[in-house]
Amino acid sequence: NEDKSDVIFEVSGEAETVPNRRKRTKTASTIFHASHLILDLNAPALADMCRPGDEAAVSINGMEPEVFKMVLYFCYGGTVSEDELAANAKAIIEAADRFGIVNLKLQAEAVLAKQTDITVDNMLDNLLYANSKNLALFQEKIMDFVAENGDRIVGNVSFDDVPGNLISDILTAVARGKRSISESAPEDDLKFMRVGELRKRLHDKGLCVDGSRETMIALLRENSASDETAAEET
């Protein structure tokens, strides 16, 4: 509702000028009106880009207007359907990550993980993408594939350019797989815990559930140490 809005966005995507070439050009822009208060509650990074009452529109480049429309709809309490998430998963993840909309990002990530078949050929590209966006659940699925298909991957995939933290995650996935066969890990052994359980514990403690596996574990340990210190002081 334009009458109740106090911020304006001008959103334009990008299109290739020539197929299979890197040169891109802006697509036609679309104007969106929104309430700064609602954005501040649900999309803090987007709210930080504007001030209530500004007459000039804030430019949002490199994003399709249809995706931005879904983002605003979600911020206003709407539900983005699974079909829409599936058709625009990476674009929605990019937007949600850019604007600090954690719940939408996690929903899109869950759909992406569900619909993506991991293979030896696409494993590395998906792994690097998941790591770049802190998609811990999607990354866990890829790590499980690596742990289960090591004999097919060794010699066929180069890990020379893979960040060190990912190598650590691969070793964790292999060790977790061995434990599941022989013995289960202790319930408080965070390093072997599944992403879903890590996020549940963070949510139960009122902590941020977004971030890499290492970030989530560090946050839980920090919180546990704080709780122990507070208990000792009382």
# chains A, B, ... in the order shown; residues from 1 in each chain; ligands from 1
call {"tool": "residues_around", "arguments": {"residues": "A:Gly196", "least_positions_apart": "5", "cutoff": "12 Å", "atoms": "only C-alpha atoms", "output": "MDAnalysis selection string"}}
result
chainID A and resid 106 110 135:138 140:141 190 201:203 209:210 213 216
call {"tool": "write_last_selection", "arguments": {"atoms": "N, CA, C and O atoms", "output": "mmCIF file, in the first residue's frame"}}
result
data_model
loop_
_atom_site.group_PDB
_atom_site.id
_atom_site.type_symbol
_atom_site.label_atom_id
_atom_site.label_comp_id
_atom_site.auth_asym_id
_atom_site.auth_seq_id
_atom_site.Cartn_x
_atom_site.Cartn_y
_atom_site.Cartn_z
ATOM 1 N N LEU A 106 16.949 -20.013 4.998
ATOM 2 C CA LEU A 106 16.955 -21.417 5.418
ATOM 3 C C LEU A 106 15.895 -22.222 4.683
ATOM 4 O O LEU A 106 16.117 -23.397 4.357
ATOM 5 N N ALA A 110 16.790 -25.385 2.289
ATOM 6 C CA ALA A 110 16.212 -26.717 2.482
ATOM 7 C C ALA A 110 15.671 -27.270 1.164
ATOM 8 O O ALA A 110 15.852 -28.456 0.848
ATOM 9 N N LEU A 135 25.770 -22.190 3.701
ATOM 10 C CA LEU A 135 24.610 -23.085 3.637
ATOM 11 C C LEU A 135 24.998 -24.417 4.287
ATOM 12 O O LEU A 135 25.327 -25.397 3.619
ATOM 13 N N ALA A 136 24.939 -24.439 5.604
ATOM 14 C CA ALA A 136 25.457 -25.585 6.346
ATOM 15 C C ALA A 136 24.702 -26.872 6.047
ATOM 16 O O ALA A 136 25.299 -27.957 5.990
ATOM 17 N N LEU A 137 23.380 -26.784 5.880
ATOM 18 C CA LEU A 137 22.583 -27.983 5.603
ATOM 19 C C LEU A 137 22.913 -28.558 4.228
ATOM 20 O O LEU A 137 23.109 -29.771 4.076
ATOM 21 N N PHE A 138 22.970 -27.708 3.221
ATOM 22 C CA PHE A 138 23.320 -28.146 1.867
ATOM 23 C C PHE A 138 24.738 -28.691 1.841
ATOM 24 O O PHE A 138 25.016 -29.722 1.219
ATOM 25 N N GLU A 140 26.306 -30.070 4.300
ATOM 26 C CA GLU A 140 26.315 -31.366 4.979
ATOM 27 C C GLU A 140 25.910 -32.484 4.021
ATOM 28 O O GLU A 140 26.499 -33.574 4.036
ATOM 29 N N LYS A 141 24.907 -32.219 3.173
ATOM 30 C CA LYS A 141 24.484 -33.223 2.192
ATOM 31 C C LYS A 141 25.638 -33.564 1.252
ATOM 32 O O LYS A 141 25.861 -34.742 0.926
ATOM 33 N N LEU A 190 29.523 -31.801 19.992
ATOM 34 C CA LEU A 190 29.027 -30.899 18.959
ATOM 35 C C LEU A 190 29.687 -31.113 17.601
ATOM 36 O O LEU A 190 29.046 -30.932 16.555
ATOM 37 N N ARG A 201 19.310 -26.540 18.629
ATOM 38 C CA ARG A 201 19.852 -26.098 19.921
ATOM 39 C C ARG A 201 20.046 -24.584 19.949
ATOM 40 O O ARG A 201 19.778 -23.932 20.961
ATOM 41 N N LEU A 202 20.514 -24.034 18.831
ATOM 42 C CA LEU A 202 20.670 -22.586 18.756
ATOM 43 C C LEU A 202 19.323 -21.885 18.868
ATOM 44 O O LEU A 202 19.176 -20.900 19.597
ATOM 45 N N HIS A 203 18.336 -22.407 18.158
ATOM 46 C CA HIS A 203 16.990 -21.823 18.186
ATOM 47 C C HIS A 203 16.407 -21.877 19.590
ATOM 48 O O HIS A 203 15.810 -20.904 20.065
ATOM 49 N N VAL A 209 20.621 -18.908 14.003
ATOM 50 C CA VAL A 209 20.786 -20.244 13.423
ATOM 51 C C VAL A 209 21.469 -20.196 12.059
ATOM 52 O O VAL A 209 21.669 -21.234 11.432
ATOM 53 N N ASP A 210 21.823 -19.001 11.592
ATOM 54 C CA ASP A 210 22.501 -18.870 10.304
ATOM 55 C C ASP A 210 24.004 -18.934 10.521
ATOM 56 O O ASP A 210 24.510 -18.559 11.576
ATOM 57 N N ARG A 213 28.938 -24.358 9.853
ATOM 58 C CA ARG A 213 28.954 -25.350 10.926
ATOM 59 C C ARG A 213 29.891 -24.909 12.050
ATOM 60 O O ARG A 213 29.555 -25.000 13.235
ATOM 61 N N MET A 216 28.318 -22.111 14.141
ATOM 62 C CA MET A 216 27.263 -22.597 15.033
ATOM 63 C C MET A 216 27.844 -23.305 16.257
ATOM 64 O O MET A 216 27.398 -23.086 17.387
#
call {"tool": "select_by_dssp", "arguments": {"residues": "stretch 12-212 of chain A", "states": "alpha helix (DSSP H)", "output": "MDAnalysis selection string"}}
result
chainID A and resid 36:42 44:47 65:75 82:87 89:99 102:115 123:132 136:148 150:153 164:182 195:204
call {"tool": "write_last_selection", "arguments": {"atoms": "C-alpha atoms", "output": "short mmCIF file (atom, residue, chain, number, x, y, z; two decimals), in the first residue's frame"}}
result
data_model
loop_
_atom_site.label_atom_id
_atom_site.label_comp_id
_atom_site.auth_asym_id
_atom_site.auth_seq_id
_atom_site.Cartn_x
_atom_site.Cartn_y
_atom_site.Cartn_z
CA HIS A 36 10.67 0.87 7.00
CA LEU A 37 9.33 -0.43 10.32
CA ILE A 38 8.45 -3.81 8.80
CA LEU A 39 11.80 -4.03 7.05
CA ASP A 40 13.63 -3.15 10.25
CA LEU A 41 11.91 -6.08 11.97
CA ASN A 42 12.31 -8.65 9.21
CA PRO A 44 17.51 -5.43 8.89
CA ALA A 45 20.20 -5.14 6.22
CA LEU A 46 17.62 -3.91 3.72
CA ALA A 47 16.25 -1.41 6.26
CA PRO A 65 12.14 -7.71 -9.53
CA GLU A 66 10.10 -10.90 -9.18
CA VAL A 67 12.58 -12.19 -6.57
CA PHE A 68 12.52 -8.88 -4.69
CA LYS A 69 8.72 -9.05 -4.72
CA MET A 70 8.90 -12.48 -3.01
CA VAL A 71 11.31 -11.05 -0.43
CA LEU A 72 8.94 -8.19 0.43
CA TYR A 73 5.96 -10.56 0.50
CA PHE A 74 7.81 -12.75 3.02
CA CYS A 75 8.75 -9.71 5.13
CA GLU A 82 7.82 -24.54 -2.31
CA ASP A 83 7.38 -24.34 -6.09
CA GLU A 84 8.55 -20.71 -6.07
CA LEU A 85 11.45 -21.61 -3.77
CA ALA A 86 12.42 -24.49 -6.04
CA ALA A 87 12.31 -22.38 -9.19
CA ALA A 89 16.30 -21.17 -4.87
CA LYS A 90 19.72 -19.62 -5.49
CA ALA A 91 18.32 -16.19 -6.31
CA ILE A 92 16.24 -16.19 -3.13
CA ILE A 93 19.21 -17.39 -1.07
CA GLU A 94 21.30 -14.56 -2.54
CA ALA A 95 18.62 -11.98 -1.72
CA ALA A 96 17.87 -13.31 1.76
CA ASP A 97 21.57 -13.50 2.60
CA ARG A 98 22.10 -9.98 1.26
CA PHE A 99 19.24 -8.49 3.29
CA VAL A 102 17.47 -15.73 7.89
CA ASN A 103 14.24 -17.74 7.87
CA LEU A 104 13.69 -17.24 4.15
CA LYS A 105 17.30 -18.18 3.43
CA LEU A 106 16.95 -21.42 5.42
CA GLN A 107 13.70 -22.30 3.67
CA ALA A 108 15.27 -21.83 0.25
CA GLU A 109 18.35 -23.78 1.34
CA ALA A 110 16.21 -26.72 2.48
CA VAL A 111 14.47 -26.84 -0.90
CA LEU A 112 17.79 -26.52 -2.75
CA ALA A 113 19.27 -29.40 -0.75
CA LYS A 114 16.18 -31.52 -1.39
CA GLN A 115 16.06 -30.96 -5.14
CA MET A 123 30.08 -32.04 -6.18
CA LEU A 124 32.93 -29.52 -6.05
CA ASP A 125 30.99 -26.62 -7.58
CA ASN A 126 28.10 -27.22 -5.17
CA LEU A 127 30.50 -27.50 -2.23
CA LEU A 128 32.22 -24.19 -2.99
CA TYR A 129 28.86 -22.50 -3.52
CA ALA A 130 27.45 -23.84 -0.24
CA ASN A 131 30.55 -22.68 1.61
CA SER A 132 30.42 -19.19 0.05
CA ALA A 136 25.46 -25.58 6.35
CA LEU A 137 22.58 -27.98 5.60
CA PHE A 138 23.32 -28.15 1.87
CA GLN A 139 27.01 -28.47 2.61
CA GLU A 140 26.31 -31.37 4.98
CA LYS A 141 24.48 -33.22 2.19
CA ILE A 142 27.50 -32.76 -0.08
CA MET A 143 29.89 -33.87 2.66
CA ASP A 144 27.84 -37.01 3.21
CA PHE A 145 28.14 -37.74 -0.51
CA VAL A 146 31.91 -37.26 -0.35
CA ALA A 147 32.21 -39.55 2.66
CA GLU A 148 30.12 -42.27 1.01
CA GLY A 150 35.42 -41.45 -1.62
CA ASP A 151 36.58 -44.25 -3.92
CA ARG A 152 34.84 -42.58 -6.90
CA ILE A 153 36.10 -39.11 -6.04
CA GLY A 164 41.12 -25.72 4.62
CA ASN A 165 37.94 -25.56 6.69
CA LEU A 166 36.15 -27.69 4.08
CA ILE A 167 38.79 -30.40 4.30
CA SER A 168 38.15 -30.47 8.04
CA ASP A 169 34.42 -30.84 7.39
CA ILE A 170 35.04 -33.73 5.00
CA LEU A 171 37.08 -35.54 7.64
CA THR A 172 34.29 -34.90 10.15
CA ALA A 173 31.74 -36.40 7.75
CA VAL A 174 33.90 -39.50 7.26
CA ALA A 175 34.41 -39.90 11.01
CA ARG A 176 30.69 -39.39 11.68
CA GLY A 177 29.88 -42.09 9.13
CA LYS A 178 32.19 -44.54 10.86
CA ARG A 179 30.71 -43.73 14.25
CA SER A 180 27.18 -44.33 12.96
CA ILE A 181 28.25 -47.82 12.00
CA SER A 182 30.14 -48.70 15.16
CA VAL A 195 23.28 -29.48 11.24
CA GLY A 196 19.59 -29.87 12.02
CA GLU A 197 20.34 -30.59 15.68
CA LEU A 198 22.85 -27.74 15.91
CA ARG A 199 20.27 -25.32 14.55
CA LYS A 200 17.60 -26.67 16.90
CA ARG A 201 19.85 -26.10 19.92
CA LEU A 202 20.67 -22.59 18.76
CA HIS A 203 16.99 -21.82 18.19
CA ASP A 204 16.04 -23.17 21.63
#
call {"tool": "closest_residue", "arguments": {"among": "A:Gly77, A:Gly13, A:Gly155, A:Gly206", "to": "A:Gly62", "atoms": "only C-alpha atoms"}}
result
A:Gly13
call {"tool": "closest_residue", "arguments": {"among": "A:Val157, A:Asn88, A:Ala43, A:Gly100", "to": "A:Asn122", "atoms": "only C-alpha atoms"}}
result
A:Val157
call {"tool": "select_by_dssp", "arguments": {"residues": "stretch 57-225 of chain A", "states": "strand (DSSP E or B)", "output": "list of chain:residue names"}}
result
A:Val58, A:Ser59, A:Ile60, A:Asn61
call {"tool": "write_last_selection", "arguments": {"atoms": "all heavy atoms", "output": "mmCIF file, in the first residue's frame"}}
result
data_model
loop_
_atom_site.group_PDB
_atom_site.id
_atom_site.type_symbol
_atom_site.label_atom_id
_atom_site.label_comp_id
_atom_site.auth_asym_id
_atom_site.auth_seq_id
_atom_site.Cartn_x
_atom_site.Cartn_y
_atom_site.Cartn_z
ATOM 1 N N VAL A 58 15.778 3.883 -3.475
ATOM 2 C CA VAL A 58 17.036 3.181 -3.269
ATOM 3 C C VAL A 58 17.207 2.170 -4.401
ATOM 4 O O VAL A 58 16.321 1.357 -4.663
ATOM 5 C CB VAL A 58 17.044 2.448 -1.914
ATOM 6 C CG1 VAL A 58 18.319 1.629 -1.756
ATOM 7 C CG2 VAL A 58 16.890 3.447 -0.775
ATOM 8 N N SER A 59 18.341 2.234 -5.076
ATOM 9 C CA SER A 59 18.583 1.326 -6.203
ATOM 10 C C SER A 59 19.042 -0.038 -5.708
ATOM 11 O O SER A 59 19.967 -0.132 -4.892
ATOM 12 C CB SER A 59 19.638 1.910 -7.143
ATOM 13 O OG SER A 59 19.167 3.100 -7.745
ATOM 14 N N ILE A 60 18.396 -1.081 -6.184
ATOM 15 C CA ILE A 60 18.793 -2.467 -5.919
ATOM 16 C C ILE A 60 19.131 -3.085 -7.261
ATOM 17 O O ILE A 60 18.244 -3.369 -8.076
ATOM 18 C CB ILE A 60 17.668 -3.279 -5.233
ATOM 19 C CG1 ILE A 60 17.190 -2.597 -3.950
ATOM 20 C CG2 ILE A 60 18.132 -4.701 -4.968
ATOM 21 C CD1 ILE A 60 18.191 -2.603 -2.829
ATOM 22 N N ASN A 61 20.412 -3.292 -7.515
ATOM 23 C CA ASN A 61 20.845 -3.825 -8.797
ATOM 24 C C ASN A 61 21.198 -5.308 -8.703
ATOM 25 O O ASN A 61 21.510 -5.817 -7.633
ATOM 26 C CB ASN A 61 22.054 -3.039 -9.322
ATOM 27 C CG ASN A 61 21.734 -1.565 -9.534
ATOM 28 O OD1 ASN A 61 20.658 -1.225 -10.023
ATOM 29 N ND2 ASN A 61 22.669 -0.696 -9.168
#
call {"tool": "residues_around", "arguments": {"residues": "A:Pro52", "least_positions_apart": "2", "cutoff": "6 Å", "atoms": "only C-alpha atoms", "output": "VMD selection string"}}
result
chain A and resid 6 to 7 36 54
call {"tool": "write_last_selection", "arguments": {"atoms": "N, CA, C and O atoms", "output": "short mmCIF file (atom, residue, chain, number, x, y, z; two decimals), in the first residue's frame"}}
result
data_model
loop_
_atom_site.label_atom_id
_atom_site.label_comp_id
_atom_site.auth_asym_id
_atom_site.auth_seq_id
_atom_site.Cartn_x
_atom_site.Cartn_y
_atom_site.Cartn_z
N ASP A 6 6.87 4.24 3.47
CA ASP A 6 7.73 5.41 3.67
C ASP A 6 9.13 5.22 3.07
O ASP A 6 10.01 6.03 3.30
N VAL A 7 9.32 4.13 2.33
CA VAL A 7 10.58 3.92 1.61
C VAL A 7 10.26 3.38 0.21
O VAL A 7 9.24 2.72 0.00
N HIS A 36 9.35 1.03 6.37
CA HIS A 36 10.67 0.87 7.00
C HIS A 36 10.58 0.09 8.30
O HIS A 36 11.47 -0.69 8.64
N ASP A 54 12.43 9.12 2.91
CA ASP A 54 13.28 9.51 1.78
C ASP A 54 12.45 9.52 0.49
O ASP A 54 11.75 8.55 0.18
#
call {"tool": "decode", "arguments": {"residues": "stretch 127-141 of chain A", "atoms": "all heavy atoms", "output": "JSON list (two decimals), in the first residue's frame"}}
result
[["chain", "number", "residue", "atom", "x", "y", "z"],
["A", 127, "LEU", "N", 29.82, -27.66, -3.52],
["A", 127, "LEU", "CA", 30.50, -27.50, -2.23],
["A", 127, "LEU", "C", 31.02, -26.08, -2.05],
["A", 127, "LEU", "O", 30.83, -25.46, -1.00],
["A", 127, "LEU", "CB", 31.64, -28.51, -2.12],
["A", 127, "LEU", "CG", 32.45, -28.51, -0.82],
["A", 127, "LEU", "CD1", 31.56, -28.79, 0.38],
["A", 127, "LEU", "CD2", 33.59, -29.52, -0.89],
["A", 128, "LEU", "N", 31.67, -25.55, -3.07],
["A", 128, "LEU", "CA", 32.22, -24.19, -2.99],
["A", 128, "LEU", "C", 31.10, -23.16, -2.89],
["A", 128, "LEU", "O", 31.22, -22.16, -2.18],
["A", 128, "LEU", "CB", 33.11, -23.92, -4.21],
["A", 128, "LEU", "CG", 34.40, -24.75, -4.29],
["A", 128, "LEU", "CD1", 35.12, -24.49, -5.59],
["A", 128, "LEU", "CD2", 35.30, -24.48, -3.10],
["A", 129, "TYR", "N", 30.00, -23.41, -3.61],
["A", 129, "TYR", "CA", 28.86, -22.50, -3.52],
["A", 129, "TYR", "C", 28.26, -22.51, -2.12],
["A", 129, "TYR", "O", 28.00, -21.45, -1.53],
["A", 129, "TYR", "CB", 27.78, -22.89, -4.55],
["A", 129, "TYR", "CG", 26.46, -22.18, -4.31],
["A", 129, "TYR", "CD1", 26.32, -20.83, -4.61],
["A", 129, "TYR", "CD2", 25.38, -22.86, -3.77],
["A", 129, "TYR", "CE1", 25.12, -20.16, -4.37],
["A", 129, "TYR", "CE2", 24.18, -22.20, -3.53],
["A", 129, "TYR", "CZ", 24.05, -20.87, -3.83],
["A", 129, "TYR", "OH", 22.87, -20.22, -3.58],
["A", 130, "ALA", "N", 28.03, -23.71, -1.58],
["A", 130, "ALA", "CA", 27.45, -23.84, -0.24],
["A", 130, "ALA", "C", 28.33, -23.15, 0.79],
["A", 130, "ALA", "O", 27.83, -22.46, 1.70],
["A", 130, "ALA", "CB", 27.26, -25.31, 0.12],
["A", 131, "ASN", "N", 29.63, -23.30, 0.66],
["A", 131, "ASN", "CA", 30.55, -22.68, 1.61],
["A", 131, "ASN", "C", 30.52, -21.16, 1.49],
["A", 131, "ASN", "O", 30.56, -20.44, 2.50],
["A", 131, "ASN", "CB", 31.97, -23.20, 1.35],
["A", 131, "ASN", "CG", 32.99, -22.65, 2.34],
["A", 131, "ASN", "OD1", 32.91, -22.90, 3.54],
["A", 131, "ASN", "ND2", 33.95, -21.89, 1.84],
["A", 132, "SER", "N", 30.40, -20.64, 0.27],
["A", 132, "SER", "CA", 30.42, -19.19, 0.05],
["A", 132, "SER", "C", 29.19, -18.51, 0.64],
["A", 132, "SER", "O", 29.25, -17.34, 1.02],
["A", 132, "SER", "CB", 30.51, -18.88, -1.44],
["A", 132, "SER", "OG", 29.30, -19.21, -2.12],
["A", 133, "LYS", "N", 28.08, -19.24, 0.75],
["A", 133, "LYS", "CA", 26.83, -18.68, 1.28],
["A", 133, "LYS", "C", 26.51, -19.18, 2.69],
["A", 133, "LYS", "O", 25.44, -18.89, 3.22],
["A", 133, "LYS", "CB", 25.66, -19.02, 0.34],
["A", 133, "LYS", "CG", 25.79, -18.45, -1.06],
["A", 133, "LYS", "CD", 25.86, -16.93, -1.02],
["A", 133, "LYS", "CE", 26.05, -16.36, -2.42],
["A", 133, "LYS", "NZ", 26.23, -14.88, -2.37],
["A", 134, "ASN", "N", 27.43, -19.91, 3.30],
["A", 134, "ASN", "CA", 27.20, -20.47, 4.64],
["A", 134, "ASN", "C", 25.92, -21.32, 4.68],
["A", 134, "ASN", "O", 25.10, -21.20, 5.61],
["A", 134, "ASN", "CB", 27.12, -19.36, 5.70],
["A", 134, "ASN", "CG", 28.47, -18.76, 6.00],
["A", 134, "ASN", "OD1", 29.49, -19.45, 5.99],
["A", 134, "ASN", "ND2", 28.50, -17.47, 6.24],
["A", 135, "LEU", "N", 25.77, -22.19, 3.70],
["A", 135, "LEU", "CA", 24.61, -23.09, 3.64],
["A", 135, "LEU", "C", 25.00, -24.42, 4.29],
["A", 135, "LEU", "O", 25.33, -25.40, 3.62],
["A", 135, "LEU", "CB", 24.18, -23.30, 2.18],
["A", 135, "LEU", "CG", 23.87, -22.03, 1.38],
["A", 135, "LEU", "CD1", 23.53, -22.37, -0.06],
["A", 135, "LEU", "CD2", 22.73, -21.23, 2.03],
["A", 136, "ALA", "N", 24.94, -24.44, 5.60],
["A", 136, "ALA", "CA", 25.46, -25.58, 6.35],
["A", 136, "ALA", "C", 24.70, -26.87, 6.05],
["A", 136, "ALA", "O", 25.30, -27.96, 5.99],
["A", 136, "ALA", "CB", 25.41, -25.29, 7.85],
["A", 137, "LEU", "N", 23.38, -26.78, 5.88],
["A", 137, "LEU", "CA", 22.58, -27.98, 5.60],
["A", 137, "LEU", "C", 22.91, -28.56, 4.23],
["A", 137, "LEU", "O", 23.11, -29.77, 4.08],
["A", 137, "LEU", "CB", 21.09, -27.65, 5.68],
["A", 137, "LEU", "CG", 20.13, -28.83, 5.51],
["A", 137, "LEU", "CD1", 20.25, -29.79, 6.69],
["A", 137, "LEU", "CD2", 18.69, -28.34, 5.37],
["A", 138, "PHE", "N", 22.97, -27.71, 3.22],
["A", 138, "PHE", "CA", 23.32, -28.15, 1.87],
["A", 138, "PHE", "C", 24.74, -28.69, 1.84],
["A", 138, "PHE", "O", 25.02, -29.72, 1.22],
["A", 138, "PHE", "CB", 23.17, -26.97, 0.91],
["A", 138, "PHE", "CG", 23.33, -27.33, -0.55],
["A", 138, "PHE", "CD1", 22.86, -28.54, -1.04],
["A", 138, "PHE", "CD2", 23.93, -26.45, -1.43],
["A", 138, "PHE", "CE1", 22.99, -28.87, -2.40],
["A", 138, "PHE", "CE2", 24.06, -26.77, -2.78],
["A", 138, "PHE", "CZ", 23.60, -27.97, -3.25],
["A", 139, "GLN", "N", 25.62, -28.02, 2.55],
["A", 139, "GLN", "CA", 27.01, -28.47, 2.61],
["A", 139, "GLN", "C", 27.12, -29.83, 3.28],
["A", 139, "GLN", "O", 27.92, -30.68, 2.86],
["A", 139, "GLN", "CB", 27.86, -27.44, 3.36],
["A", 139, "GLN", "CG", 29.34, -27.74, 3.36],
["A", 139, "GLN", "CD", 30.15, -26.55, 3.87],
["A", 139, "GLN", "OE1", 30.00, -25.43, 3.38],
["A", 139, "GLN", "NE2", 30.99, -26.79, 4.85],
["A", 140, "GLU", "N", 26.31, -30.07, 4.30],
["A", 140, "GLU", "CA", 26.31, -31.37, 4.98],
["A", 140, "GLU", "C", 25.91, -32.48, 4.02],
["A", 140, "GLU", "O", 26.50, -33.57, 4.04],
["A", 140, "GLU", "CB", 25.37, -31.33, 6.17],
["A", 140, "GLU", "CG", 25.34, -32.62, 6.97],
["A", 140, "GLU", "CD", 24.46, -32.50, 8.21],
["A", 140, "GLU", "OE1", 23.21, -32.49, 8.05],
["A", 140, "GLU", "OE2", 25.01, -32.41, 9.31],
["A", 141, "LYS", "N", 24.91, -32.22, 3.17],
["A", 141, "LYS", "CA", 24.48, -33.22, 2.19],
["A", 141, "LYS", "C", 25.64, -33.56, 1.25],
["A", 141, "LYS", "O", 25.86, -34.74, 0.93],
["A", 141, "LYS", "CB", 23.29, -32.70, 1.39],
["A", 141, "LYS", "CG", 22.86, -33.63, 0.27],
["A", 141, "LYS", "CD", 21.64, -33.13, -0.48],
["A", 141, "LYS", "CE", 21.26, -34.09, -1.61],
["A", 141, "LYS", "NZ", 20.00, -33.70, -2.28]]
